[in-house]
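As stored in structure.cif (mmCIF, C-alpha atoms):
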data_work
#
loop_
_atom_site.label_atom_id
_atom_site.label_comp_id
_atom_site.auth_asym_id
_atom_site.auth_seq_id
_atom_site.Cartn_x
_atom_site.Cartn_y
_atom_site.Cartn_z
CA MET R 1 330.20 154.50 139.37
CA LYS R 2 328.71 157.90 138.78
CA HIS R 3 326.47 156.51 136.02
CA SER R 4 325.27 153.69 138.32
CA ARG R 5 324.12 156.17 140.95
CA ILE R 6 322.21 158.14 138.31
CA PHE R 7 320.54 154.99 137.03
CA LEU R 8 319.49 153.96 140.55
CA PHE R 9 318.09 157.45 141.20
CA LEU R 10 315.96 157.37 138.01
CA ALA R 11 314.72 153.86 138.78
CA LEU R 12 313.68 154.94 142.27
CA LEU R 13 311.91 158.04 140.90
CA MET R 14 309.95 155.93 138.41
CA ALA R 15 308.94 153.46 141.10
CA LEU R 16 307.66 156.24 143.38
CA THR R 17 305.66 157.77 140.45
CA LEU R 18 303.95 154.43 139.84
CA VAL R 19 303.14 154.06 143.53
CA PHE R 20 301.59 157.56 143.78
CA THR R 21 299.63 157.06 140.58
CA ALA R 22 298.21 153.78 141.86
CA CYS R 23 297.21 155.40 145.15
CA LYS R 24 295.52 158.43 143.53
CA PRO R 25 291.70 158.24 143.76
CA GLN R 26 290.10 157.55 140.37
CA ALA R 27 287.00 159.46 139.15
CA GLU R 28 283.97 157.34 139.90
CA GLU R 29 281.74 156.40 137.01
CA ALA R 30 278.10 157.45 137.46
CA PRO R 31 275.74 154.56 138.16
CA VAL R 32 273.64 153.47 135.18
CA GLU R 33 270.48 154.62 136.98
CA GLU R 34 271.80 158.19 137.32
CA VAL R 35 272.72 158.32 133.64
CA GLU R 36 269.23 157.21 132.67
CA GLU R 37 267.68 159.84 134.96
CA VAL R 38 269.74 162.58 133.33
CA GLN R 39 268.74 161.36 129.88
CA GLU R 40 265.08 161.28 130.96
CA GLU R 41 265.30 164.86 132.25
CA VAL R 42 266.68 165.96 128.89
CA GLU R 43 263.87 164.17 127.09
CA GLU R 44 261.25 165.88 129.29
CA GLU R 45 262.31 169.32 128.12
CA LYS R 46 259.79 169.31 125.27
CA VAL R 47 257.38 171.98 124.13
CA PHE R 48 254.34 171.55 121.89
CA LYS R 49 252.92 174.79 120.49
CA LEU R 50 249.15 174.95 120.04
CA GLY R 51 247.73 177.85 118.02
CA LEU R 52 244.42 179.22 119.31
CA LEU R 53 242.60 181.34 116.73
CA GLY R 54 240.10 183.99 117.76
CA PRO R 55 238.99 187.62 117.34
CA PHE R 56 241.15 189.04 120.11
CA SER R 57 240.86 192.57 118.72
CA GLY R 58 238.48 194.31 116.32
CA PRO R 59 234.67 194.38 116.29
CA SER R 60 234.31 190.99 118.01
CA ALA R 61 236.96 191.55 120.68
CA GLN R 62 234.45 190.84 123.45
CA THR R 63 234.00 187.38 121.96
CA GLY R 64 237.79 187.11 121.93
CA LYS R 65 237.86 187.70 125.69
CA GLN R 66 235.38 184.86 126.15
CA PHE R 67 237.47 182.65 123.86
CA LYS R 68 240.69 183.32 125.72
CA GLY R 69 239.14 182.74 129.13
CA GLY R 70 237.46 179.48 128.12
CA ALA R 71 240.57 178.14 126.38
CA THR R 72 242.82 179.11 129.29
CA MET R 73 240.63 177.26 131.78
CA ALA R 74 240.78 174.14 129.59
CA LEU R 75 244.58 174.35 129.41
CA GLU R 76 244.70 174.67 133.19
CA GLU R 77 242.72 171.45 133.57
CA PHE R 78 245.64 169.71 131.88
CA ASP R 79 248.21 171.81 133.77
CA TYR R 80 249.54 172.74 130.32
CA LYS R 81 251.00 169.22 130.05
CA ILE R 82 250.60 166.18 127.81
CA GLY R 83 253.06 163.51 128.96
CA PRO R 84 256.52 165.11 128.84
CA TYR R 85 255.29 167.99 126.64
CA THR R 86 254.54 171.46 127.95
CA ILE R 87 251.67 172.84 125.89
CA GLU R 88 252.47 176.42 124.94
CA PRO R 89 249.47 178.37 123.63
CA VAL R 90 250.04 180.76 120.75
CA TRP R 91 247.15 183.24 120.55
CA ILE R 92 246.41 184.01 116.90
CA ASP R 93 244.36 187.20 116.45
CA SER R 94 242.00 186.99 113.47
CA GLN R 95 240.85 190.61 113.98
CA SER R 96 237.59 189.42 112.36
CA ASP R 97 239.32 189.85 108.99
CA PRO R 98 240.05 186.91 106.62
CA ALA R 99 243.23 188.41 105.12
CA LYS R 100 244.67 189.48 108.48
CA ALA R 101 243.75 186.12 109.99
CA SER R 102 245.54 184.24 107.21
CA GLN R 103 248.63 186.39 107.66
CA ALA R 104 248.59 185.90 111.44
CA TYR R 105 248.16 182.15 111.08
CA GLU R 106 251.01 181.96 108.57
CA GLN R 107 253.21 183.81 111.04
CA ALA R 108 252.17 181.46 113.84
CA VAL R 109 253.33 178.51 111.74
CA VAL R 110 256.52 179.93 110.25
CA GLN R 111 257.80 182.12 113.10
CA ASP R 112 256.18 180.72 116.24
CA GLY R 113 256.30 177.09 115.15
CA ILE R 114 252.78 175.93 116.02
CA GLN R 115 252.25 172.23 115.41
CA ALA R 116 248.44 172.14 115.69
CA GLY R 117 245.60 174.64 115.96
CA ALA R 118 242.14 174.99 117.45
CA LEU R 119 239.11 177.29 117.54
CA ASN R 120 238.01 180.16 115.28
CA TRP R 121 234.95 182.40 115.29
CA HIS R 122 234.07 183.76 111.85
CA SER R 123 233.01 181.72 108.81
CA SER R 124 234.87 184.01 106.40
CA VAL R 125 238.04 183.54 108.45
CA ALA R 126 237.62 179.76 108.37
CA VAL R 127 237.38 179.70 104.58
CA ALA R 128 240.55 181.78 104.26
CA VAL R 129 242.65 180.01 106.90
CA MET R 130 241.82 176.58 105.45
CA GLU R 131 244.37 177.44 102.74
CA VAL R 132 247.08 178.01 105.36
CA THR R 133 246.44 174.80 107.29
CA ALA R 134 246.43 172.90 103.98
CA LYS R 135 249.70 174.50 102.88
CA HIS R 136 251.57 173.69 106.10
CA HIS R 137 249.77 170.44 107.05
CA ILE R 138 248.67 171.81 110.43
CA PRO R 139 245.75 169.88 111.96
CA HIS R 140 243.18 172.43 113.13
CA ILE R 141 240.47 171.27 115.52
CA PHE R 142 237.02 172.70 116.34
CA GLY R 143 236.92 175.75 114.07
CA PHE R 144 233.59 177.53 114.60
CA GLY R 145 232.96 178.80 111.04
CA ALA R 146 229.56 177.30 110.27
CA THR R 147 229.12 178.29 106.63
CA GLU R 148 228.46 175.64 103.98
CA LYS R 149 231.51 177.00 102.13
CA VAL R 150 233.78 175.30 104.66
CA ASN R 151 232.06 171.97 104.01
CA GLU R 152 232.19 172.46 100.26
CA THR R 153 235.90 173.31 100.35
CA PHE R 154 236.59 170.35 102.64
CA ALA R 155 234.72 167.95 100.34
CA SER R 156 236.43 169.30 97.20
CA ASP R 157 239.78 167.82 98.27
CA VAL R 158 239.73 166.05 101.64
CA GLU R 159 243.41 165.12 101.46
CA LYS R 160 244.29 168.80 101.11
CA TYR R 161 241.63 170.60 103.13
CA GLY R 162 241.11 167.88 105.73
CA TYR R 163 243.60 169.66 107.96
CA TRP R 164 240.71 171.96 108.86
CA SER R 165 239.70 168.75 110.50
CA THR R 166 236.61 169.24 112.66
CA LYS R 167 234.10 172.05 112.93
CA GLY R 168 232.88 173.31 116.27
CA TRP R 169 229.69 174.63 114.74
CA PRO R 170 227.63 172.74 112.14
CA THR R 171 226.01 174.42 109.13
CA PRO R 172 222.77 176.27 109.89
CA ALA R 173 220.81 173.70 107.90
CA LYS R 174 222.26 170.78 109.87
CA LEU R 175 221.95 172.48 113.24
CA GLY R 176 218.26 172.73 112.56
CA ASN R 177 217.17 176.34 112.60
CA LYS R 178 214.16 175.98 114.91
CA TYR R 179 212.79 179.53 114.75
CA ALA R 180 210.12 178.87 112.11
CA ALA R 181 209.06 175.65 113.82
CA ALA R 182 208.81 177.45 117.19
CA LEU R 183 206.66 180.29 115.86
CA GLU R 184 204.44 177.93 113.87
CA TYR R 185 203.86 175.89 117.03
CA TYR R 186 202.75 178.96 118.98
CA ILE R 187 200.55 180.11 116.10
CA GLU R 188 198.82 176.72 116.16
CA GLN R 189 198.39 177.02 119.93
CA GLY R 190 196.79 180.44 119.54
CA VAL R 191 199.53 182.14 121.56
CA TYR R 192 200.87 184.10 118.57
CA ALA R 193 198.50 185.61 115.99
CA PRO R 194 200.31 187.93 113.53
CA GLU R 195 198.04 189.80 111.10
CA GLU R 196 200.26 188.61 108.28
CA LYS R 197 203.11 186.13 108.30
CA THR R 198 205.74 188.58 107.08
CA VAL R 199 209.44 188.63 107.92
CA ALA R 200 212.29 191.05 107.18
CA ILE R 201 215.78 189.49 107.03
CA TYR R 202 218.88 191.32 108.26
CA GLY R 203 222.44 190.35 109.13
CA GLU R 204 226.16 191.01 108.94
CA ASP R 205 227.63 191.13 105.44
CA THR R 206 229.80 188.02 105.82
CA ASP R 207 229.69 184.38 104.76
CA TRP R 208 228.04 183.58 108.07
CA GLY R 209 225.44 186.36 107.91
CA ARG R 210 224.39 185.53 104.36
CA SER R 211 224.46 181.80 105.01
CA PHE R 212 222.15 182.24 108.00
CA GLY R 213 219.90 184.57 106.01
CA ALA R 214 219.55 182.14 103.12
CA GLY R 215 218.78 179.29 105.49
CA ILE R 216 216.14 181.11 107.48
CA ILE R 217 214.46 182.45 104.33
CA THR R 218 214.02 178.89 103.06
CA LEU R 219 212.55 177.69 106.36
CA PHE R 220 210.11 180.58 106.75
CA GLU R 221 208.99 180.44 103.12
CA GLU R 222 208.35 176.72 103.49
CA ALA R 223 206.16 177.56 106.49
CA GLY R 224 204.13 180.04 104.44
CA TRP R 225 205.82 183.28 105.43
CA THR R 226 206.54 186.14 103.01
CA VAL R 227 209.97 187.78 103.04
CA THR R 228 209.51 191.55 102.73
CA SER R 229 213.17 192.62 102.63
CA GLU R 230 216.75 191.36 102.99
CA GLU R 231 219.57 193.66 104.20
CA TYR R 232 223.19 193.00 105.25
CA PHE R 233 225.52 195.39 107.06
CA PRO R 234 229.29 195.77 107.58
CA LEU R 235 230.57 194.31 110.85
CA GLU R 236 231.59 197.79 112.02
CA GLN R 237 228.16 199.40 111.51
CA THR R 238 226.39 200.64 114.64
CA GLU R 239 223.84 203.14 113.26
CA PHE R 240 220.52 201.67 112.05
CA TYR R 241 217.89 204.41 112.48
CA PRO R 242 217.06 204.85 108.76
CA TYR R 243 216.75 201.08 108.29
CA LEU R 244 214.63 200.62 111.40
CA ASN R 245 212.33 203.56 110.62
CA LYS R 246 211.69 202.00 107.21
CA LEU R 247 210.88 198.69 108.92
CA LYS R 248 208.51 200.54 111.25
CA GLU R 249 206.62 201.82 108.20
CA ASP R 250 206.53 198.37 106.57
CA ALA R 251 205.50 196.75 109.88
CA PRO R 252 206.60 193.13 109.27
CA ALA R 253 205.42 190.74 111.95
CA LEU R 254 208.98 189.57 112.45
CA ILE R 255 212.56 190.64 111.76
CA ALA R 256 215.16 187.87 111.79
CA GLY R 257 218.93 187.90 111.48
CA THR R 258 222.32 187.43 113.06
CA SER R 259 225.69 189.03 113.73
CA THR R 260 228.92 187.98 115.39
CA SER R 261 229.74 191.62 116.18
CA PRO R 262 228.44 192.67 119.62
CA PRO R 263 228.42 196.41 118.78
CA LEU R 264 226.34 195.75 115.66
CA ILE R 265 223.72 193.41 117.09
CA THR R 266 223.25 195.25 120.39
CA ALA R 267 222.99 198.65 118.67
CA LEU R 268 220.32 197.32 116.32
CA ILE R 269 218.26 195.93 119.21
CA ARG R 270 218.59 199.07 121.31
CA GLN R 271 217.69 201.37 118.39
CA ALA R 272 214.73 199.17 117.41
CA ASP R 273 213.33 199.80 120.87
CA GLU R 274 214.06 203.54 120.59
CA VAL R 275 212.15 203.95 117.30
CA GLY R 276 209.24 201.91 118.63
CA LEU R 277 209.51 198.93 116.25
CA GLU R 278 206.72 196.53 117.23
CA SER R 279 207.94 193.53 115.24
CA LEU R 280 209.03 190.41 117.08
CA ILE R 281 212.85 190.18 116.84
CA ILE R 282 215.02 187.14 116.22
CA ALA R 283 218.66 187.97 117.00
CA ASP R 284 220.52 184.74 116.46
CA GLY R 285 223.72 184.70 118.51
CA LEU R 286 222.90 187.64 120.77
CA GLY R 287 223.77 185.38 123.68
CA TRP R 288 227.23 184.65 122.28
CA VAL R 289 228.49 187.57 124.36
CA ASP R 290 227.71 189.30 127.66
CA PHE R 291 225.23 191.65 125.99
CA CYS R 292 222.93 192.85 128.76
CA ASP R 293 224.92 195.97 129.72
CA LEU R 294 224.76 197.02 126.06
CA THR R 295 221.03 196.44 125.52
CA GLY R 296 219.41 196.81 128.93
CA ASP R 297 215.69 196.07 128.83
CA SER R 298 215.61 196.59 125.04
CA ALA R 299 216.43 192.85 124.87
CA ASN R 300 213.07 192.00 126.42
CA ASN R 301 211.29 189.35 124.30
CA VAL R 302 214.13 189.01 121.78
CA ILE R 303 214.41 185.42 120.53
CA ASP R 304 217.67 183.51 120.19
CA GLN R 305 218.79 179.92 119.62
CA ILE R 306 221.68 179.01 121.88
CA ALA R 307 223.00 176.11 123.93
CA GLY R 308 222.84 175.76 127.69
CA TRP R 309 225.24 174.18 130.18
CA SER R 310 225.05 170.40 130.03
CA GLY R 311 225.49 169.75 133.77
CA GLU R 312 226.81 170.88 137.14
CA ALA R 313 230.37 171.17 135.80
CA GLY R 314 229.09 173.79 133.36
CA PHE R 315 227.48 175.88 136.08
CA ALA R 316 230.63 175.65 138.20
CA PHE R 317 232.68 176.78 135.21
CA ALA R 318 230.32 179.71 134.63
CA LYS R 319 230.64 180.83 138.24
CA GLU R 320 234.44 180.62 138.23
CA PHE R 321 234.67 182.33 134.84
CA GLU R 322 232.62 185.32 136.01
CA GLU R 323 234.67 185.60 139.21
CA ARG R 324 237.96 185.51 137.31
CA TYR R 325 237.18 187.62 134.27
CA GLY R 326 234.27 189.82 135.33
CA LEU R 327 232.22 188.58 132.37
CA SER R 328 229.10 186.47 132.26
CA PRO R 329 230.26 183.51 130.14
CA SER R 330 228.35 182.64 127.00
CA THR R 331 227.90 178.94 126.35
CA SER R 332 228.52 179.58 122.66
CA SER R 333 231.82 181.44 123.06
CA ALA R 334 233.39 180.82 126.48
CA GLY R 335 231.77 177.40 126.84
CA LEU R 336 232.43 176.08 123.35
CA SER R 337 235.95 177.53 123.25
CA HIS R 338 236.65 175.62 126.46
CA ASP R 339 235.23 172.43 124.97
CA GLY R 340 237.05 172.90 121.66
CA THR R 341 240.38 173.44 123.40
CA LYS R 342 239.72 170.48 125.66
CA MET R 343 238.91 168.34 122.62
CA ALA R 344 242.24 169.27 121.05
CA LEU R 345 244.06 168.41 124.29
CA GLU R 346 242.22 165.10 124.71
CA ILE R 347 243.07 164.12 121.14
CA MET R 348 246.70 165.03 121.79
CA GLN R 349 246.66 162.97 125.01
CA ALA R 350 245.25 159.97 123.13
CA VAL R 351 247.95 160.34 120.47
CA TYR R 352 250.69 160.50 123.09
CA ASP R 353 249.26 157.49 124.95
CA GLU R 354 249.33 155.48 121.73
CA HIS R 355 252.67 156.59 120.26
CA GLY R 356 254.69 158.09 123.10
CA GLU R 357 255.20 161.30 121.13
CA LEU R 358 253.30 164.25 119.65
CA THR R 359 253.63 165.39 116.06
CA SER R 360 251.37 167.12 113.57
CA GLU R 361 251.33 163.98 111.42
CA LEU R 362 250.30 161.67 114.27
CA ILE R 363 247.53 164.03 115.36
CA GLN R 364 246.11 164.30 111.84
CA ASP R 365 246.27 160.53 111.40
CA PHE R 366 244.40 160.01 114.69
CA ILE R 367 241.71 162.46 113.61
CA GLU R 368 241.25 160.79 110.23
CA THR R 369 241.17 157.22 111.55
CA LYS R 370 239.54 157.64 114.98
CA VAL R 371 237.61 160.93 115.09
CA TRP R 372 236.14 161.06 111.58
CA THR R 373 234.93 157.47 111.94
CA GLY R 374 233.19 158.01 115.28
CA GLU R 375 235.53 155.60 117.08
CA TRP R 376 236.69 158.44 119.36
CA THR R 377 234.23 160.93 120.87
CA MET R 378 234.31 163.49 123.65
CA THR R 379 231.75 163.09 126.43
CA ASP R 380 233.05 165.38 129.20
CA GLY R 381 232.39 168.80 127.69
CA LEU R 382 230.54 171.63 129.40
CA VAL R 383 228.03 172.52 126.69
CA MET R 384 227.06 169.47 124.62
CA VAL R 385 226.50 166.00 126.06
CA GLU R 386 228.67 164.35 123.39
CA TYR R 387 230.84 165.66 120.57
CA LYS R 388 230.88 163.03 117.87
CA TYR R 389 231.86 162.99 114.19
CA THR R 390 231.13 160.29 111.62
CA SER R 391 232.02 159.67 107.99
CA GLU R 392 228.56 160.98 107.08
CA THR R 393 228.76 164.23 109.08
CA THR R 394 232.45 165.25 109.00
CA PRO R 395 233.60 167.99 109.17
CA ASP R 396 230.38 168.78 111.09
CA PRO R 397 229.57 167.10 114.39
CA VAL R 398 226.57 164.83 114.81
CA VAL R 399 223.51 167.01 115.47
CA GLY R 400 220.53 166.04 117.61
CA PRO R 401 219.36 165.34 121.17
CA GLY R 402 222.24 164.01 123.22
CA TYR R 403 224.77 165.38 120.75
CA TYR R 404 225.05 168.92 119.33
CA THR R 405 221.81 170.86 119.70
CA PHE R 406 220.52 174.36 120.52
CA PRO R 407 217.09 175.18 121.99
CA VAL R 408 215.14 178.35 121.13
CA LEU R 409 214.88 180.79 124.03
CA GLN R 410 213.46 184.22 124.71
CA TYR R 411 215.13 186.91 126.81
CA SER R 412 213.55 188.76 129.71
CA TYR R 413 215.10 191.65 131.63
CA GLU R 414 214.81 191.03 135.36
CA ASP R 415 216.64 192.80 138.19
CA GLY R 416 219.30 194.15 135.88
CA LYS R 417 219.94 190.81 134.19
CA CYS R 418 218.90 189.42 130.82
CA LEU R 419 217.66 185.87 131.35
CA GLY R 420 217.23 183.44 128.47
CA LYS R 421 214.27 181.11 129.00
CA PRO R 422 213.77 178.12 126.67
CA ILE R 423 210.49 178.19 124.74
CA PHE R 424 211.07 175.41 122.16
CA PRO R 425 211.17 172.42 121.76
CA VAL R 426 208.29 172.24 124.16
CA GLU R 427 209.81 169.27 126.04
CA GLY R 428 212.45 171.59 127.47
CA ALA R 429 210.43 174.83 127.54
CA VAL R 430 210.11 176.76 130.79
CA GLN R 431 207.67 179.35 129.42
CA GLU R 432 205.47 180.07 126.40
CA LEU R 433 206.39 182.58 123.71
CA GLN R 434 205.92 186.14 124.99
CA VAL R 435 204.45 188.44 122.32
CA PRO R 436 205.34 192.15 122.60
#

What would you get if you wrote out this structure as structure tokens?
Amino acid sequence: MKHSRIFLFLALLMALTLVFTACKPQAEEAPVEEVEEVQEEVEEEKVFKLGLLGPFSGPSAQTGKQFKGGATMALEEFDYKIGPYTIEPVWIDSQSDPAKASQAYEQAVVQDGIQAGALNWHSSVAVAVMEVTAKHHIPHIFGFGATEKVNETFASDVEKYGYWSTKGWPTPAKLGNKYAAALEYYIEQGVYAPEEKTVAIYGEDTDWGRSFGAGIITLFEEAGWTVTSEEYFPLEQTEFYPYLNKLKEDAPALIAGTSTSPPLITALIRQADEVGLESLIIADGLGWVDFCDLTGDSANNVIDQIAGWSGEAGFAFAKEFEERYGLSPSTSSAGLSHDGTKMALEIMQAVYDEHGELTSELIQDFIETKVWTGEWTMTDGLVMVEYKYTSETTPDPVVGPGYYTFPVLQYSYEDGKCLGKPIFPVEGAVQELQVP
């Protein structure tokens, strides 16, 4: 009897356990829609690192400030986003030094994990960094190094060096150095009458400086000019009195050269005025930086070849840039760095639209199949009307009216500002050549 009562008690206990278990609320399964939303949120947490190469310190640091401002404003236009990817800029400081630039770029790839790159200022840096982009298969877009050495390296092994994919500055020969043509036109018009057609060549001692010098020598010699001297200086040099006093004795009708270093080029112009050099001066690239505070009225009548803003959007950009950064933006540094960064972002957007993802491989493939063939172009830049590449021009852009082109202008110092006024081609000129 005792065992029966125990059995009944256990049976009752088991029955009650089953009842309570059945009544206990079960955990609800999340609806399918909520699961998909969670998965989508996880997928959206993506970052794409874009390396932006420029001279952020060193002798061309002022250009670096223009670069950074222009690139930043382009990134802001995209809200730092391509589809689900947040675009994280990695600023790569070239320091205007090929070896240091290569090391910094290598670090940006290996440590920072950049997946694509854009921009660059110096030709010598471009030649060096091409080895790094080739080694790591990093597509690099709109590098400014103009020298023919970039094109020669590119053509020597396109599969290897094609990662330095598009130049943001064509070779001097392709761009069409218009200085000789401009002066010859004004000689024919009787506006300019030098006693002798003599020219002294100067420049920075870099691939760019020597490339420009060689190109301009050819053009002036073909026009019947005599080259009286050819001198190149270190990027850091800022003292030119002995050189300029010698030029004053030789009295060439013209001195012509270039430098990417603001301290160098502005010191030379200021000291030329101080020693009383009467030669007409070509300073190619003076307008790449906000130079007027460094030269003052010594820049009067100096000749340059530089792009202008291509429309109202460019002038609006220039106004906002000056308000934000306290610098007068150069079309060739702030403007082109904006357009180069925007080109990289537009290419990335096109790749994402086509494939639904962003990778180095997909970007490079798009460049090779769509950009190099001219199928894809950029028509909403601030400086040039259209940026286009073809199988005949790559890695350089197409050069000419409506594409990539620079007019010749002459500076005048007015009310504390240095104004560049186009003088050639005559179709776009706003004044004649002014002879000192």

Selected residue of minimal separation from Glu76 in chain R among R:Tyr243, R:Ala134, R:Glu88, R:Gln431, counting all atoms listed in the file: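 Result for the nearest residue to Glu76 in chain R: R:Glu88.
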
Distance criterion (only C-alpha atoms): nearest to Tyr241 in chain R out of R:Arg270, R:Lys135, R:His122, R:Lys81: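 For Tyr241 in chain R, the nearest of the candidates is R:Arg270.
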
Among listed residues R:Leu50, R:Ala200, R:Ser156, R:Tyr161, nearest Val109 in chain R (using all atoms listed in the file):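 Going through R:Leu50, R:Ala200, R:Ser156, R:Tyr161 one by one, the smallest distance to Val109 in chain R is for R:Leu50.
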
One-decimal distance in Å that lies between CA of Pro170 in chain R and CA of Thr133 in chain R: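 Distance between the two atoms: 19.5 Å.
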
Between CA of Tyr403 in chain R and CA of Glu386 in chain R, distance in Å (one decimal): 4.8 Å

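The gap separating CA of Thr373 in chain R from CA of Leu336 in chain R is 22.0 Å, in Å to one decimal.
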
Nearest to Met348 in chain R by atom-to-atom distance, counting only C-alpha atoms, from R:Ser259, R:Gln62, R:Thr295, R:Thr86: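 Nearest to Met348 in chain R: R:Thr86.
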
Polymer residues at most 7 Å from range 299-313 of chain R, only C-alpha atoms, same-chain spacing of 4 or more positions, as a ChimeraX atom specification: /R:269,281-287,295,317,331-332,382-385,405-413,434,436

Explicit residue set for the PyMOL selection byres ((chain R and resi 333) around 8), as a PyMOL selection string: chain R and resi 63+66-67+70+288-289+329-332+334-337

12 Å contact set for Val398 in chain R, all atoms listed in the file, chain neighbours under 6 positions out, as a VMD selection string: chain R and resid 166 to 171 174 to 176 371 to 374 377 to 378 384 to 392 404 to 405

Counting all atoms listed in the file, the residue of R:Pro397, R:Lys178, R:Trp91, R:Leu280 that sits nearest Pro422 in chain R: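 Of R:Pro397, R:Lys178, R:Trp91, R:Leu280, the one nearest Pro422 in chain R is R:Lys178, counting all atoms listed in the file.
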
Option closest in space to Ala108 in chain R, from R:Met73, R:Ser123, R:Lys49, R:Phe291 [counting all atoms listed in the file]: R:Lys49

Residues near range 140-145 of chain R, cut-off 10 Å, all atoms listed in the file, skip fewer than 6 positions along chain, as a PyMOL selection string: chain R and resi 50-54+115-127+129-130+133-134+151+162-171+207-208+332-333+336-337+339-345+347+360+363-364+367+395-397

Selection to disk with C-alpha atoms, as an mmCIF file, keeping the file's coordinate frame:
data_model
loop_
_atom_site.group_PDB
_atom_site.id
_atom_site.type_symbol
_atom_site.label_atom_id
_atom_site.label_comp_id
_atom_site.auth_asym_id
_atom_site.auth_seq_id
_atom_site.Cartn_x
_atom_site.Cartn_y
_atom_site.Cartn_z
ATOM 1 C CA LEU R 50 249.150 174.950 120.040
ATOM 2 C CA GLY R 51 247.730 177.850 118.020
ATOM 3 C CA LEU R 52 244.420 179.220 119.310
ATOM 4 C CA LEU R 53 242.600 181.340 116.730
ATOM 5 C CA GLY R 54 240.100 183.990 117.760
ATOM 6 C CA GLN R 115 252.250 172.230 115.410
ATOM 7 C CA ALA R 116 248.440 172.140 115.690
ATOM 8 C CA GLY R 117 245.600 174.640 115.960
ATOM 9 C CA ALA R 118 242.140 174.990 117.450
ATOM 10 C CA LEU R 119 239.110 177.290 117.540
ATOM 11 C CA ASN R 120 238.010 180.160 115.280
ATOM 12 C CA TRP R 121 234.950 182.400 115.290
ATOM 13 C CA HIS R 122 234.070 183.760 111.850
ATOM 14 C CA SER R 123 233.010 181.720 108.810
ATOM 15 C CA SER R 124 234.870 184.010 106.400
ATOM 16 C CA VAL R 125 238.040 183.540 108.450
ATOM 17 C CA ALA R 126 237.620 179.760 108.370
ATOM 18 C CA VAL R 127 237.380 179.700 104.580
ATOM 19 C CA VAL R 129 242.650 180.010 106.900
ATOM 20 C CA MET R 130 241.820 176.580 105.450
ATOM 21 C CA THR R 133 246.440 174.800 107.290
ATOM 22 C CA ALA R 134 246.430 172.900 103.980
ATOM 23 C CA ASN R 151 232.060 171.970 104.010
ATOM 24 C CA GLY R 162 241.110 167.880 105.730
ATOM 25 C CA TYR R 163 243.600 169.660 107.960
ATOM 26 C CA TRP R 164 240.710 171.960 108.860
ATOM 27 C CA SER R 165 239.700 168.750 110.500
ATOM 28 C CA THR R 166 236.610 169.240 112.660
ATOM 29 C CA LYS R 167 234.100 172.050 112.930
ATOM 30 C CA GLY R 168 232.880 173.310 116.270
ATOM 31 C CA TRP R 169 229.690 174.630 114.740
ATOM 32 C CA PRO R 170 227.630 172.740 112.140
ATOM 33 C CA THR R 171 226.010 174.420 109.130
ATOM 34 C CA ASP R 207 229.690 184.380 104.760
ATOM 35 C CA TRP R 208 228.040 183.580 108.070
ATOM 36 C CA SER R 332 228.520 179.580 122.660
ATOM 37 C CA SER R 333 231.820 181.440 123.060
ATOM 38 C CA LEU R 336 232.430 176.080 123.350
ATOM 39 C CA SER R 337 235.950 177.530 123.250
ATOM 40 C CA ASP R 339 235.230 172.430 124.970
ATOM 41 C CA GLY R 340 237.050 172.900 121.660
ATOM 42 C CA THR R 341 240.380 173.440 123.400
ATOM 43 C CA LYS R 342 239.720 170.480 125.660
ATOM 44 C CA MET R 343 238.910 168.340 122.620
ATOM 45 C CA ALA R 344 242.240 169.270 121.050
ATOM 46 C CA LEU R 345 244.060 168.410 124.290
ATOM 47 C CA ILE R 347 243.070 164.120 121.140
ATOM 48 C CA SER R 360 251.370 167.120 113.570
ATOM 49 C CA ILE R 363 247.530 164.030 115.360
ATOM 50 C CA GLN R 364 246.110 164.300 111.840
ATOM 51 C CA ILE R 367 241.710 162.460 113.610
ATOM 52 C CA PRO R 395 233.600 167.990 109.170
ATOM 53 C CA ASP R 396 230.380 168.780 111.090
ATOM 54 C CA PRO R 397 229.570 167.100 114.390
#

Residues near Tyr85 in chain R, cut-off 8 Å, only C-alpha atoms, skip fewer than 5 positions along chain, as an MDAnalysis selection string: chainID R and resid 44:48

Export of prior selection with C-alpha atoms as an mmCIF file, in the coordinates of the input:
data_model
loop_
_atom_site.group_PDB
_atom_site.id
_atom_site.type_symbol
_atom_site.label_atom_id
_atom_site.label_comp_id
_atom_site.auth_asym_id
_atom_site.auth_seq_id
_atom_site.Cartn_x
_atom_site.Cartn_y
_atom_site.Cartn_z
ATOM 1 C CA GLU R 44 261.250 165.880 129.290
ATOM 2 C CA GLU R 45 262.310 169.320 128.120
ATOM 3 C CA LYS R 46 259.790 169.310 125.270
ATOM 4 C CA VAL R 47 257.380 171.980 124.130
ATOM 5 C CA PHE R 48 254.340 171.550 121.890
#

Residues matched by the PyMOL selection byres ((chain R and resi 61) around 12), written as a list in words: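 So the PyMOL selection byres ((chain R and resi 61) around 12), applied here, picks out Gly54, Pro55, Phe56, Ser57, Gly58, Pro59, Ser60, Gln62, Thr63, Gly64, Lys65, Gln66, Phe67, Lys68, Asp93, Ser94, Gln95, Ser96, Trp121, Glu236, Thr260, Ser261, Pro262, Pro263, Val289, Asp290 and Ser333 of chain R.
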